[in-house]
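Everything below concerns the one structure shown next.
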Amino acid sequence: MPHTVEVKQVAEQRISVVPGRASRTNLPARIRELFDQFYAGFKNSGQLNIVFYPGTGADGELDIACGVQVAKGGNASTPAGTVATVVYWGPYDRMRPAHGAIHAWARDNNRPLAGPSWEVYGHWSDDPAQLRTDICYLLSAASRP
């Protein structure tokens, strides 16, 4: 299924998260662990679940943060700016092509990615086809030559 990439302006979104690090090979397990840690201590009301990737660490591991969007407060935020985004429908373990579509779009349109990206997970469904994930990559202000 082809993924449609949209470009839009987004505001900063406050989030309440547990930070961590992961390699590409242990990413799914680390996300689950961090969400378990987050929900063990989270007592407030939040909005949708989010995984925030602020950037790649120097050693090739990913910095990640797992938690929820919040109306105010929180301990972090997604950045404001122009993003390339895809709405992905389906099981979480098959999201890679949607990420790839954004990377290919950025390359084909000379729009470098700025580093931060995030996934906002829609409301849970027992039907994997009904699982919605909004994937966002912050775009750099400068285009490539």
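Chains: A, B, ... in order of the structure tokens. Residues: from 1 per chain. Ligands: from 1, in order shown.
When the distance limit is 12 Å and only C-alpha atoms are what count, the residues near Arg94 in chain A, minus those fewer than 5 positions from it on the same chain, are Met1, Pro28, Tyr88, Trp89, His99, Gly100, Pro128, Ala129, Leu131 and Thr133 of chain A.
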For this session: Fewer than 6 positions away in the same chain doesn't count, so skip those; otherwise give me all residues within 7 Å of Val7 in chain A, counting only C-alpha atoms, as a PyMOL selection string.
Result: chain A and resi 82-85
Would you export the selected residues with N, CA, C and O atoms as a compact mmCIF listing (two decimals), in the first residue's frame, please?
# COMPACT_ATOMS: atom_id res chain seq x y z
N THR A 82 7.88 22.64 10.47
CA THR A 82 7.33 21.98 9.30
C THR A 82 7.71 20.50 9.37
O THR A 82 8.87 20.16 9.58
N VAL A 83 6.70 19.65 9.20
CA VAL A 83 6.93 18.21 9.24
C VAL A 83 6.46 17.55 7.96
O VAL A 83 5.54 18.05 7.29
N ALA A 84 7.09 16.44 7.64
CA ALA A 84 6.58 15.51 6.65
C ALA A 84 5.91 14.41 7.45
O ALA A 84 6.49 13.89 8.41
N THR A 85 4.68 14.09 7.09
CA THR A 85 3.91 13.16 7.91
C THR A 85 3.16 12.16 7.04
O THR A 85 2.78 12.45 5.90
* Asked: Any idea what's packed within 9 Å of Ala106 in chain A, counting only C-alpha atoms, ignoring anything in its chain fewer than 6 positions away? Could you give it as an MDAnalysis selection string?
  -> chainID A and resid 84 112:113 139
Residue selection dump (C-alpha atoms) as an mmCIF file, in the first residue's frame:
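Once written, again.cif looks like this:
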data_model
loop_
_atom_site.group_PDB
_atom_site.id
_atom_site.type_symbol
_atom_site.label_atom_id
_atom_site.label_comp_id
_atom_site.auth_asym_id
_atom_site.auth_seq_id
_atom_site.Cartn_x
_atom_site.Cartn_y
_atom_site.Cartn_z
ATOM 1 C CA ALA A 84 6.583 15.508 6.647
ATOM 2 C CA PRO A 112 16.493 17.245 4.513
ATOM 3 C CA LEU A 113 15.170 15.815 7.749
ATOM 4 C CA LEU A 139 12.060 19.010 8.207
#
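Comparing the minimum interatomic distances between Val5 in chain A and each of A:Gln47, A:Gln69, A:Asn109, A:Asn26, counting only C-alpha atoms, we find that A:Asn109 sits nearest.
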inquiry  = I need the residue nearest Tyr121 in chain A from this list: A:Val18, A:Ile135, A:Ile31, A:Val86. Use only C-alpha atoms for the distance.
reply    =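 Counting only C-alpha atoms, the residue closest to Tyr121 in chain A is A:Ile135.
Of note, CA of Gly20 in chain A and CA of Ala104 in chain A are spaced 27.5 Å apart.
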TODO: Rounded to one decimal place, report the CA of Cys66 in chain A-CA of Ser16 in chain A distance in Å.
DONE: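 Computing the Euclidean distance for CA of Cys66 in chain A and CA of Ser16 in chain A yields 8.1 Å.
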Practice task
Could you tell me which of A:Asp59, A:Gly74, A:Ala65, A:Glu33 comes closest to Ser45 in chain A if we count only C-alpha atoms?
Solution key: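 Of all the options, A:Gly74 lies closest to Ser45 in chain A.
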So which bits of chain A end up helix (DSSP H, G or I) when you DSSP the backbone, as a ChimeraX atom specification? /A:27-41,92-94,96-108,128-130
Please, could you write that set of residues out with N, CA and C atoms as an mmCIF file, in the first residue's frame?
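Saved file result06.cif follows:
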data_model
loop_
_atom_site.group_PDB
_atom_site.id
_atom_site.type_symbol
_atom_site.label_atom_id
_atom_site.label_comp_id
_atom_site.auth_asym_id
_atom_site.auth_seq_id
_atom_site.Cartn_x
_atom_site.Cartn_y
_atom_site.Cartn_z
ATOM 1 N N LEU A 27 14.613 -2.146 19.422
ATOM 2 C CA LEU A 27 13.666 -1.031 19.524
ATOM 3 C C LEU A 27 12.272 -1.455 19.976
ATOM 4 N N PRO A 28 11.628 -2.451 19.369
ATOM 5 C CA PRO A 28 10.276 -2.810 19.822
ATOM 6 C C PRO A 28 10.229 -3.209 21.304
ATOM 7 N N ALA A 29 11.214 -3.989 21.743
ATOM 8 C CA ALA A 29 11.238 -4.411 23.142
ATOM 9 C C ALA A 29 11.473 -3.227 24.069
ATOM 10 N N ARG A 30 12.359 -2.312 23.677
ATOM 11 C CA ARG A 30 12.640 -1.132 24.511
ATOM 12 C C ARG A 30 11.420 -0.219 24.589
ATOM 13 N N ILE A 31 10.688 -0.058 23.497
ATOM 14 C CA ILE A 31 9.474 0.760 23.531
ATOM 15 C C ILE A 31 8.494 0.168 24.538
ATOM 16 N N ARG A 32 8.296 -1.131 24.487
ATOM 17 C CA ARG A 32 7.383 -1.790 25.435
ATOM 18 C C ARG A 32 7.849 -1.588 26.876
ATOM 19 N N GLU A 33 9.160 -1.770 27.130
ATOM 20 C CA GLU A 33 9.709 -1.578 28.470
ATOM 21 C C GLU A 33 9.498 -0.146 28.964
ATOM 22 N N LEU A 34 9.754 0.821 28.087
ATOM 23 C CA LEU A 34 9.613 2.223 28.499
ATOM 24 C C LEU A 34 8.149 2.583 28.747
ATOM 25 N N PHE A 35 7.238 2.065 27.933
ATOM 26 C CA PHE A 35 5.823 2.305 28.216
ATOM 27 C C PHE A 35 5.413 1.659 29.538
ATOM 28 N N ASP A 36 5.917 0.468 29.821
ATOM 29 C CA ASP A 36 5.622 -0.173 31.106
ATOM 30 C C ASP A 36 6.120 0.683 32.264
ATOM 31 N N GLN A 37 7.345 1.222 32.150
ATOM 32 C CA GLN A 37 7.879 2.113 33.184
ATOM 33 C C GLN A 37 7.019 3.365 33.307
ATOM 34 N N PHE A 38 6.653 3.920 32.167
ATOM 35 C CA PHE A 38 5.867 5.155 32.177
ATOM 36 C C PHE A 38 4.533 4.938 32.888
ATOM 37 N N TYR A 39 3.808 3.931 32.488
ATOM 38 C CA TYR A 39 2.467 3.727 33.056
ATOM 39 C C TYR A 39 2.502 3.240 34.502
ATOM 40 N N ALA A 40 3.624 2.669 34.939
ATOM 41 C CA ALA A 40 3.745 2.277 36.349
ATOM 42 C C ALA A 40 3.756 3.498 37.257
ATOM 43 N N GLY A 41 4.222 4.643 36.745
ATOM 44 C CA GLY A 41 4.314 5.841 37.566
ATOM 45 C C GLY A 41 3.399 6.972 37.158
ATOM 46 N N TYR A 92 1.693 -2.426 14.345
ATOM 47 C CA TYR A 92 2.873 -1.615 14.641
ATOM 48 C C TYR A 92 4.153 -2.217 14.078
ATOM 49 N N ASP A 93 4.228 -3.524 13.989
ATOM 50 C CA ASP A 93 5.459 -4.155 13.519
ATOM 51 C C ASP A 93 5.623 -4.103 12.001
ATOM 52 N N ARG A 94 4.688 -3.449 11.314
ATOM 53 C CA ARG A 94 4.785 -3.336 9.846
ATOM 54 C C ARG A 94 4.819 -1.885 9.392
ATOM 55 N N ARG A 96 7.509 0.057 9.052
ATOM 56 C CA ARG A 96 8.750 0.480 8.399
ATOM 57 C C ARG A 96 8.541 1.111 7.011
ATOM 58 N N PRO A 97 7.697 0.549 6.124
ATOM 59 C CA PRO A 97 7.512 1.184 4.818
ATOM 60 C C PRO A 97 6.945 2.612 4.906
ATOM 61 N N ALA A 98 6.146 2.901 5.922
ATOM 62 C CA ALA A 98 5.626 4.265 6.078
ATOM 63 C C ALA A 98 6.765 5.227 6.416
ATOM 64 N N HIS A 99 7.681 4.794 7.286
ATOM 65 C CA HIS A 99 8.875 5.608 7.575
ATOM 66 C C HIS A 99 9.708 5.763 6.304
ATOM 67 N N GLY A 100 9.866 4.666 5.571
ATOM 68 C CA GLY A 100 10.630 4.708 4.332
ATOM 69 C C GLY A 100 10.042 5.666 3.312
ATOM 70 N N ALA A 101 8.714 5.763 3.276
ATOM 71 C CA ALA A 101 8.062 6.683 2.343
ATOM 72 C C ALA A 101 8.439 8.133 2.655
ATOM 73 N N ILE A 102 8.527 8.470 3.929
ATOM 74 C CA ILE A 102 8.922 9.839 4.303
ATOM 75 C C ILE A 102 10.379 10.080 3.920
ATOM 76 N N HIS A 103 11.248 9.128 4.195
ATOM 77 C CA HIS A 103 12.665 9.286 3.832
ATOM 78 C C HIS A 103 12.822 9.440 2.317
ATOM 79 N N ALA A 104 12.114 8.625 1.545
ATOM 80 C CA ALA A 104 12.197 8.714 0.078
ATOM 81 C C ALA A 104 11.645 10.051 -0.408
ATOM 82 N N TRP A 105 10.519 10.488 0.161
ATOM 83 C CA TRP A 105 9.940 11.780 -0.223
ATOM 84 C C TRP A 105 10.932 12.909 0.046
ATOM 85 N N ALA A 106 11.560 12.889 1.229
ATOM 86 C CA ALA A 106 12.512 13.944 1.590
ATOM 87 C C ALA A 106 13.688 13.971 0.608
ATOM 88 N N ARG A 107 14.193 12.802 0.288
ATOM 89 C CA ARG A 107 15.301 12.703 -0.667
ATOM 90 C C ARG A 107 14.869 13.199 -2.048
ATOM 91 N N ASP A 108 13.713 12.749 -2.526
ATOM 92 C CA ASP A 108 13.235 13.103 -3.863
ATOM 93 C C ASP A 108 12.870 14.579 -3.989
ATOM 94 N N PRO A 128 -6.066 -5.198 14.049
ATOM 95 C CA PRO A 128 -4.831 -4.503 13.666
ATOM 96 C C PRO A 128 -5.007 -3.541 12.497
ATOM 97 N N ALA A 129 -5.921 -3.806 11.596
ATOM 98 C CA ALA A 129 -6.139 -2.918 10.461
ATOM 99 C C ALA A 129 -6.702 -1.566 10.886
ATOM 100 N N GLN A 130 -7.257 -1.485 12.093
ATOM 101 C CA GLN A 130 -7.846 -0.243 12.605
ATOM 102 C C GLN A 130 -6.886 0.554 13.490
#
In range 8-102 of chain A, what's strand (DSSP E or B) per DSSP? Answer as number ranges by chain? A: 8-10, 13-22, 49-56, 62-69, 76-78, 81-89
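Atom to atom, CA of Ser77 in chain A and CA of Ser23 in chain A stand 22.3 Å apart.
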#### Entry: Among listed residues A:Ala22, A:Leu62, A:Val87, A:Ala71, nearest Gly115 in chain A (using only C-alpha atoms)
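Looking only at the distances to Gly115 in chain A, the closest residue turns out to be A:Leu62.
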